[in-house]
>>> print(open('start05.pdb').read())   # PDB, C-alpha atoms
ATOM      1  CA  MET V   1       9.941   6.373   5.944
ATOM      2  CA  LYS V   2       6.196   6.639   5.557
ATOM      3  CA  LEU V   3       4.216   3.621   6.742
ATOM      4  CA  CYS V   4       0.823   3.646   5.039
ATOM      5  CA  LEU V   5      -2.045   1.947   6.831
ATOM      6  CA  ALA V   6      -4.017  -0.169   4.373
ATOM      7  CA  GLY V   7      -7.448  -1.754   4.525
ATOM      8  CA  THR V   8      -9.309   1.104   6.171
ATOM      9  CA  SER V   9     -12.418   0.513   4.053
ATOM     10  CA  GLY V  10     -13.513  -2.220   6.446
ATOM     11  CA  VAL V  11     -13.278  -0.367   9.755
ATOM     12  CA  TYR V  12     -16.192   0.042  12.124
ATOM     13  CA  GLU V  13     -18.339   3.117  11.646
ATOM     14  CA  SER V  14     -17.240   4.419  15.041
ATOM     15  CA  THR V  15     -13.620   4.383  13.841
ATOM     16  CA  ARG V  16     -14.230   6.244  10.583
ATOM     17  CA  PRO V  17     -14.110   9.841  11.935
ATOM     18  CA  HIS V  18     -10.666   9.147  13.369
ATOM     19  CA  LEU V  19      -9.186   8.103  10.016
ATOM     20  CA  LYS V  20      -8.608  11.779   9.207
ATOM     21  CA  GLN V  21      -5.843  11.683  11.796
ATOM     22  CA  VAL V  22      -3.941   9.004   9.849
ATOM     23  CA  PRO V  23      -1.048  10.724   8.037
ATOM     24  CA  TYR V  24      -0.285   7.998   5.473
ATOM     25  CA  LEU V  25      -2.859   5.783   3.806
ATOM     26  CA  LEU V  26      -3.086   3.224   1.026
ATOM     27  CA  GLU V  27      -6.425   2.006  -0.250
ATOM     28  CA  SER V  28      -7.531  -0.269  -3.048
ATOM     29  CA  PHE V  29      -9.745   1.131  -5.773
ATOM     30  CA  TYR V  30     -11.652  -2.154  -5.670
ATOM     31  CA  TYR V  31     -12.623  -1.737  -2.008
ATOM     32  CA  PHE V  32     -12.874   2.043  -1.879
ATOM     33  CA  CYS V  33     -15.971   3.327  -0.050
ATOM     34  CA  PRO V  34     -17.653   6.763  -0.320
ATOM     35  CA  PHE V  35     -16.832   7.624   3.307
ATOM     36  CA  GLN V  36     -13.131   7.458   2.414
ATOM     37  CA  LYS V  37     -13.153  10.256  -0.161
ATOM     38  CA  PRO V  38     -12.190  13.006   2.329
ATOM     39  CA  LEU V  39      -9.141  10.926   3.260
ATOM     40  CA  ILE V  40      -7.624  11.490  -0.180
ATOM     41  CA  LYS V  41      -6.968  15.096   0.822
ATOM     42  CA  SER V  42      -6.685  14.819   4.607
ATOM     43  CA  ALA V  43      -3.761  12.366   4.474
ATOM     44  CA  ASP V  44      -0.257  13.732   4.017
ATOM     45  CA  LEU V  45       0.273  10.841   1.610
ATOM     46  CA  PHE V  46      -2.562   8.917  -0.012
ATOM     47  CA  LEU V  47      -1.747   6.040  -2.351
ATOM     48  CA  LEU V  48      -4.392   4.439  -4.558
ATOM     49  CA  ASP V  49      -3.829   0.811  -5.434
ATOM     50  CA  SER V  50      -5.453  -0.335  -8.675
ATOM     51  CA  GLY V  51      -7.063  -3.359  -7.011
ATOM     52  CA  ALA V  52      -6.528  -5.252 -10.244
ATOM     53  CA  PHE V  53      -5.468  -8.543  -8.688
ATOM     54  CA  THR V  54      -8.318  -8.479  -6.182
ATOM     55  CA  PHE V  55     -10.770  -7.860  -8.982
ATOM     56  CA  MET V  56      -9.185 -10.534 -11.125
ATOM     57  CA  ASN V  57      -9.254 -13.166  -8.386
ATOM     58  CA  GLY V  58     -12.795 -12.380  -7.343
ATOM     59  CA  ALA V  59     -14.311 -12.041 -10.791
ATOM     60  CA  LYS V  60     -16.243 -14.861 -12.387
ATOM     61  CA  GLY V  61     -15.741 -15.356 -16.082
ATOM     62  CA  LYS V  62     -13.776 -13.054 -18.357
ATOM     63  CA  VAL V  63     -12.651  -9.727 -16.917
ATOM     64  CA  ASN V  64     -13.593  -6.621 -18.891
ATOM     65  CA  TRP V  65     -10.313  -4.787 -18.416
ATOM     66  CA  ASP V  66     -11.266  -1.849 -20.648
ATOM     67  CA  ASP V  67     -14.260  -1.105 -18.455
ATOM     68  CA  TYR V  68     -12.224  -1.452 -15.271
ATOM     69  CA  ILE V  69      -9.451   0.790 -16.585
ATOM     70  CA  ASN V  70     -11.907   3.478 -17.644
ATOM     71  CA  LYS V  71     -13.501   3.452 -14.187
ATOM     72  CA  TYR V  72     -10.060   3.701 -12.620
ATOM     73  CA  ILE V  73      -9.201   6.693 -14.796
ATOM     74  CA  SER V  74     -12.500   8.393 -13.969
ATOM     75  CA  PHE V  75     -11.964   7.882 -10.256
ATOM     76  CA  ILE V  76      -8.457   9.357 -10.385
ATOM     77  CA  ASN V  77      -9.689  12.390 -12.316
ATOM     78  CA  GLU V  78     -12.857  12.982 -10.301
ATOM     79  CA  ASN V  79     -11.006  12.817  -6.986
ATOM     80  CA  ASP V  80      -7.753  14.426  -8.113
ATOM     81  CA  VAL V  81      -5.700  11.472  -6.886
ATOM     82  CA  GLU V  82      -2.039  12.419  -7.042
ATOM     83  CA  HIS V  83      -0.419   9.033  -6.454
ATOM     84  CA  TYR V  84      -1.808   5.859  -8.000
ATOM     85  CA  PHE V  85      -0.342   2.487  -8.921
ATOM     86  CA  GLU V  86      -0.425   0.996 -12.383
ATOM     87  CA  LEU V  87      -2.339  -2.208 -13.159
ATOM     88  CA  ASP V  88       0.521  -4.651 -12.667
ATOM     89  CA  ILE V  89      -1.259  -7.589 -14.279
ATOM     90  CA  ASP V  90       1.788  -8.866 -16.178
ATOM     91  CA  VAL V  91       0.927 -12.523 -15.536
ATOM     92  CA  ILE V  92      -2.474 -12.079 -17.189
ATOM     93  CA  VAL V  93      -1.938  -9.811 -20.185
ATOM     94  CA  GLY V  94       1.852  -9.595 -20.480
ATOM     95  CA  TYR V  95       4.137  -6.696 -19.690
ATOM     96  CA  GLU V  96       3.819  -4.997 -23.086
ATOM     97  CA  GLU V  97       0.070  -4.680 -22.535
ATOM     98  CA  VAL V  98       0.673  -3.420 -18.999
ATOM     99  CA  ARG V  99       2.889  -0.695 -20.445
ATOM    100  CA  ARG V 100       0.200   0.227 -22.982
ATOM    101  CA  ILE V 101      -2.380   0.469 -20.198
ATOM    102  CA  ARG V 102       0.008   2.546 -18.092
ATOM    103  CA  THR V 103       0.504   4.974 -20.962
ATOM    104  CA  LYS V 104      -3.246   5.246 -21.527
ATOM    105  CA  ILE V 105      -3.926   6.035 -17.877
ATOM    106  CA  GLU V 106      -1.120   8.577 -17.727
ATOM    107  CA  ARG V 107      -2.331  10.252 -20.897
ATOM    108  CA  GLU V 108      -5.940  10.489 -19.734
ATOM    109  CA  THR V 109      -5.153  11.612 -16.182
ATOM    110  CA  GLY V 110      -2.203  13.846 -16.943
ATOM    111  CA  LYS V 111      -0.317  12.236 -14.038
ATOM    112  CA  LYS V 112       2.444   9.673 -13.896
ATOM    113  CA  ALA V 113       1.579   6.292 -12.457
ATOM    114  CA  ILE V 114       3.640   4.486  -9.860
ATOM    115  CA  PRO V 115       4.918   1.496 -11.850
ATOM    116  CA  VAL V 116       5.212  -1.740  -9.888
ATOM    117  CA  TRP V 117       8.359  -3.739 -10.575
ATOM    118  CA  HIS V 118       8.131  -7.536 -10.379
ATOM    119  CA  LYS V 119      10.942 -10.070 -10.666
ATOM    120  CA  SER V 120       9.655 -11.172 -14.058
ATOM    121  CA  ARG V 121      10.492  -7.731 -15.472
ATOM    122  CA  GLY V 122      14.202  -8.148 -14.822
ATOM    123  CA  MET V 123      16.878  -5.863 -13.458
ATOM    124  CA  ASP V 124      17.320  -3.872 -16.663
ATOM    125  CA  GLU V 125      13.672  -2.852 -16.521
ATOM    126  CA  PHE V 126      14.083  -1.791 -12.903
ATOM    127  CA  LYS V 127      16.878   0.545 -13.956
ATOM    128  CA  ARG V 128      14.730   1.898 -16.786
ATOM    129  CA  LEU V 129      11.916   2.644 -14.356
ATOM    130  CA  VAL V 130      14.376   4.428 -12.073
ATOM    131  CA  ASN V 131      15.471   6.486 -15.055
ATOM    132  CA  ASP V 132      11.931   7.341 -16.207
ATOM    133  CA  TYR V 133      10.005   7.806 -12.935
ATOM    134  CA  ASP V 134      10.491   9.628  -9.649
ATOM    135  CA  TYR V 135       8.276   7.225  -7.663
ATOM    136  CA  ILE V 136       8.178   3.475  -8.255
ATOM    137  CA  ALA V 137       7.134   0.381  -6.317
ATOM    138  CA  ILE V 138       8.373  -3.147  -5.774
ATOM    139  CA  GLY V 139       5.745  -5.865  -5.556
ATOM    140  CA  GLY V 140       5.758  -9.559  -4.821
ATOM    141  CA  PHE V 141       6.429  -9.609  -1.076
ATOM    142  CA  ALA V 142       2.928 -10.412   0.146
ATOM    143  CA  ILE V 143       2.468 -13.271  -2.330
ATOM    144  CA  LYS V 144       5.984 -14.609  -1.619
ATOM    145  CA  HIS V 145       7.274 -14.149  -5.164
ATOM    146  CA  ILE V 146      10.224 -12.464  -3.527
ATOM    147  CA  LYS V 147      11.771 -14.860  -1.027
ATOM    148  CA  ARG V 148      13.379 -13.915   2.250
ATOM    149  CA  ASN V 149      16.838 -14.869   0.973
ATOM    150  CA  GLU V 150      16.396 -12.322  -1.835
ATOM    151  CA  TYR V 151      15.894  -9.379   0.517
ATOM    152  CA  PRO V 152      19.582  -8.357   0.365
ATOM    153  CA  ILE V 153      19.140  -7.894  -3.404
ATOM    154  CA  ILE V 154      16.045  -5.779  -2.803
ATOM    155  CA  LYS V 155      17.995  -3.687  -0.317
ATOM    156  CA  ARG V 156      20.629  -2.923  -2.954
ATOM    157  CA  MET V 157      17.947  -2.114  -5.534
ATOM    158  CA  VAL V 158      16.233   0.346  -3.221
ATOM    159  CA  GLN V 159      19.600   1.917  -2.422
ATOM    160  CA  TYR V 160      20.276   2.277  -6.158
ATOM    161  CA  ALA V 161      16.983   4.113  -6.652
ATOM    162  CA  TYR V 162      17.611   6.251  -3.565
ATOM    163  CA  ASP V 163      21.050   7.246  -4.848
ATOM    164  CA  ASN V 164      19.368   8.345  -8.083
ATOM    165  CA  GLY V 165      16.793  10.476  -6.283
ATOM    166  CA  VAL V 166      13.888   8.068  -6.886
ATOM    167  CA  LYS V 167      11.345   7.156  -4.215
ATOM    168  CA  VAL V 168      10.473   3.478  -3.782
ATOM    169  CA  HIS V 169       7.357   1.982  -2.193
ATOM    170  CA  GLY V 170       7.498  -1.544  -0.789
ATOM    171  CA  LEU V 171       4.092  -3.120  -1.362
ATOM    172  CA  GLY V 172       3.210  -5.107   1.742
ATOM    173  CA  PHE V 173       6.828  -4.998   2.922
ATOM    174  CA  THR V 174       7.054  -4.551   6.693
ATOM    175  CA  PRO V 175       9.593  -6.962   8.250
ATOM    176  CA  LYS V 176      11.111  -5.956  11.587
ATOM    177  CA  GLU V 177      14.233  -4.650   9.873
ATOM    178  CA  VAL V 178      12.322  -2.531   7.336
ATOM    179  CA  THR V 179      13.930   0.616   8.746
ATOM    180  CA  GLN V 180      17.287  -0.646   7.476
ATOM    181  CA  TYR V 181      16.098  -0.146   3.895
ATOM    182  CA  LYS V 182      15.853   3.117   2.004
ATOM    183  CA  PHE V 183      12.165   2.774   1.160
ATOM    184  CA  TYR V 184      10.353   6.076   0.916
ATOM    185  CA  SER V 185       7.100   4.342   1.825
ATOM    186  CA  VAL V 186       5.636   0.934   2.632
ATOM    187  CA  ASP V 187       2.158  -0.288   3.553
ATOM    188  CA  SER V 188       0.695  -2.749   6.000
ATOM    189  CA  THR V 189      -2.603  -4.314   7.044
ATOM    190  CA  THR V 190      -1.065  -5.805  10.202
ATOM    191  CA  TRP V 191      -2.887  -3.288  12.354
ATOM    192  CA  LEU V 192      -6.182  -4.947  11.352
ATOM    193  CA  SER V 193      -5.183  -8.215  13.011
ATOM    194  CA  CYS V 194      -6.624  -6.725  16.196
ATOM    195  CA  ARG V 195     -10.025  -7.641  14.758
ATOM    196  CA  ARG V 196      -9.047 -11.225  14.078
ATOM    197  CA  PHE V 197      -7.386 -11.922  17.415
ATOM    198  CA  GLY V 198      -9.104  -9.496  19.782
ATOM    199  CA  SER V 199      -5.683  -8.216  20.840
ATOM    200  CA  LEU V 200      -4.513  -4.659  21.280
ATOM    201  CA  PHE V 201      -1.470  -3.101  19.610
ATOM    202  CA  VAL V 202       0.536  -0.711  21.752
ATOM    203  CA  TYR V 203       3.308   1.625  20.624
ATOM    204  CA  ASN V 204       6.366   1.610  22.866
ATOM    205  CA  ASN V 205       9.762   3.164  22.224
ATOM    206  CA  GLY V 206       9.780   2.789  18.442
ATOM    207  CA  GLN V 207       8.079  -0.598  18.322
ATOM    208  CA  MET V 208       4.583  -2.036  18.089
ATOM    209  CA  LYS V 209       3.668  -4.787  20.538
ATOM    210  CA  MET V 210       0.563  -6.927  20.544
ATOM    211  CA  ILE V 211      -1.041  -7.392  23.944
ATOM    212  CA  THR V 212      -3.668 -10.011  24.693
ATOM    213  CA  PRO V 213      -5.794  -8.867  27.638
ATOM    214  CA  LYS V 214      -6.432 -11.289  30.493
ATOM    215  CA  ASN V 215     -10.157 -11.124  29.807
ATOM    216  CA  HIS V 216      -9.492 -12.052  26.178
ATOM    217  CA  GLY V 217     -12.522 -14.341  26.117
ATOM    218  CA  THR V 218     -14.889 -11.441  26.755
ATOM    219  CA  ARG V 219     -13.240  -8.959  24.415
ATOM    220  CA  LYS V 220     -15.288  -9.791  21.338
ATOM    221  CA  ASP V 221     -18.006  -7.363  22.390
ATOM    222  CA  LYS V 222     -15.303  -4.669  22.676
ATOM    223  CA  GLN V 223     -13.825  -5.015  19.199
ATOM    224  CA  ARG V 224     -14.839  -1.483  18.281
ATOM    225  CA  GLU V 225     -12.955  -0.115  21.260
ATOM    226  CA  ILE V 226      -9.922  -2.279  20.494
ATOM    227  CA  GLU V 227      -9.880  -1.211  16.838
ATOM    228  CA  LEU V 228      -9.943   2.487  17.689
ATOM    229  CA  LEU V 229      -7.274   2.186  20.374
ATOM    230  CA  THR V 230      -5.102   0.159  17.972
ATOM    231  CA  LEU V 231      -5.519   2.778  15.245
ATOM    232  CA  LYS V 232      -4.370   5.534  17.590
ATOM    233  CA  GLU V 233      -1.304   3.504  18.606
ATOM    234  CA  TRP V 234      -0.370   2.840  14.977
ATOM    235  CA  ILE V 235      -0.644   6.540  14.223
ATOM    236  CA  LYS V 236       2.017   7.084  16.904
ATOM    237  CA  TYR V 237       4.175   4.491  15.161
ATOM    238  CA  GLN V 238       3.657   6.153  11.778
ATOM    239  CA  LYS V 239       4.815   9.478  13.170
ATOM    240  CA  TYR V 240       7.836   7.866  14.805
ATOM    241  CA  LEU V 241       8.939   6.192  11.553
ATOM    242  CA  SER V 242       8.473   9.393   9.536
ATOM    243  CA  ARG V 243      10.753  11.255  11.946
ATOM    244  CA  SER V 244      13.434   8.624  12.430
ATOM    245  CA  CYS V 245      13.816   6.984   9.015
TER     246      CYS V 245
END
>>> encode(input="start05.pdb", output="structure tokens")
Amino acid sequence: MKLCLAGTSGVYESTRPHLKQVPYLLESFYYFCPFQKPLIKSADLFLLDSGAFTFMNGAKGKVNWDDYINKYISFINENDVEHYFELDIDVIVGYEEVRRIRTKIERETGKKAIPVWHKSRGMDEFKRLVNDYDYIAIGGFAIKHIKRNEYPIIKRMVQYAYDNGVKVHGLGFTPKEVTQYKFYSVDSTTWLSCRRFGSLFVYNNGQMKMITPKNHGTRKDKQREIELLTLKEWIKYQKYLSRSC
């Protein structure tokens, strides 16, 4: 399984050169920064999220989706992005419009999108996506649309796709038992919590542990050091998961 580190656009400048060592990355088009462009090719797997929901939630007034979509298409083409997610804005424009947008992007980039299945699309649509695509995603974990008691259903769905030779990405899906699922890839921003709490993540025997130093109260001036050390430890974890799952 490939664990993609997300949210790298906000790292300290001193951390940026080390991002080329990260094997699997996910970044939002909305937050993408110029310094990240080399990462599209340096990563073994780079996933581009459309950033549609972020844009939608942060925008004031009516969203010009045509303009946003055209910019998204241009970015994919200009940077030869291989793997990108569709604009899964079903709750705003309806699924039929999402499908039209998906088709437009695929036509103008010459590359298949990674469609993002949501509960509202139903199980039949999930099976259709498995039939039509070789890489799909499941969304709704981070915003709690998919409840914990529904995880066994998700596990069976991912197994179904796996049995049909289709890769599945779990958007924001990183529970402790994530290795028990057949996800091809998942993503997480958990590693960034080192900046919020001033704590250090350490890789140990297939697990990540958060350590709060005794001099926690004086660590704020060392956040840059903590962030870089945490990044290096998460890279170890990424490599472990890719070998063992």
>>> residues_around(input="start05.pdb", residues="Ser185 of chain V", least_positions_apart="4", cutoff="7 Å", atoms="only C-alpha atoms", output="list in words")
Met1, Lys2, Leu3, Val168, His169 and Gly170 of chain V
>>> write_last_selection(input="start05.pdb", atoms="C-alpha atoms", output="mmCIF file, keeping the file's coordinate frame")
data_model
loop_
_atom_site.group_PDB
_atom_site.id
_atom_site.type_symbol
_atom_site.label_atom_id
_atom_site.label_comp_id
_atom_site.auth_asym_id
_atom_site.auth_seq_id
_atom_site.Cartn_x
_atom_site.Cartn_y
_atom_site.Cartn_z
ATOM 1 C CA MET V 1 9.941 6.373 5.944
ATOM 2 C CA LYS V 2 6.196 6.639 5.557
ATOM 3 C CA LEU V 3 4.216 3.621 6.742
ATOM 4 C CA VAL V 168 10.473 3.478 -3.782
ATOM 5 C CA HIS V 169 7.357 1.982 -2.193
ATOM 6 C CA GLY V 170 7.498 -1.544 -0.789
#
>>> resolve_selection(input="start05.pdb", expression="the PyMOL selection byres ((chain V and resi 108-111) around 8)", output="number ranges by chain")
V: 73, 76-77, 82, 104-107, 112-113
>>> write_last_selection(input="start05.pdb", atoms="C-alpha atoms", output="compact mmCIF listing (two decimals), in the frame of the given file")
# COMPACT_ATOMS: atom_id res chain seq x y z
CA ILE V 73 -9.20 6.69 -14.80
CA ILE V 76 -8.46 9.36 -10.38
CA ASN V 77 -9.69 12.39 -12.32
CA GLU V 82 -2.04 12.42 -7.04
CA LYS V 104 -3.25 5.25 -21.53
CA ILE V 105 -3.93 6.04 -17.88
CA GLU V 106 -1.12 8.58 -17.73
CA ARG V 107 -2.33 10.25 -20.90
CA LYS V 112 2.44 9.67 -13.90
CA ALA V 113 1.58 6.29 -12.46
>>> resolve_selection(input="start05.pdb", expression="the PyMOL selection byres ((chain V and resi 139) around 7)", output="list in words")
Val116, Trp117, His118, Ala137, Ile138, Gly140, Phe141, Gly170 and Leu171 of chain V
>>> residues_near_point(input="start05.pdb", point="(-2.5, -1.5, 20.7)", cutoff="6 Å", atoms="all atoms listed in the file", output="JSON, numbers by chain")
{"V": [200, 201, 202, 230, 233]}
>>> residues_near_point(input="start05.pdb", point="(10.2, 1.6, 2.2)", cutoff="12 Å", atoms="all atoms listed in the file", output="PyMOL selection string")
chain V and resi 1-4+135-139+154-155+157-159+161-162+166-175+177-188+241-242+245
>>> residues_around(input="start05.pdb", residues="Asn131 of chain V", least_positions_apart="3", cutoff="10 Å", atoms="all atoms listed in the file", output="MDAnalysis selection string")
chainID V and resid 125:128 134 161 164:166
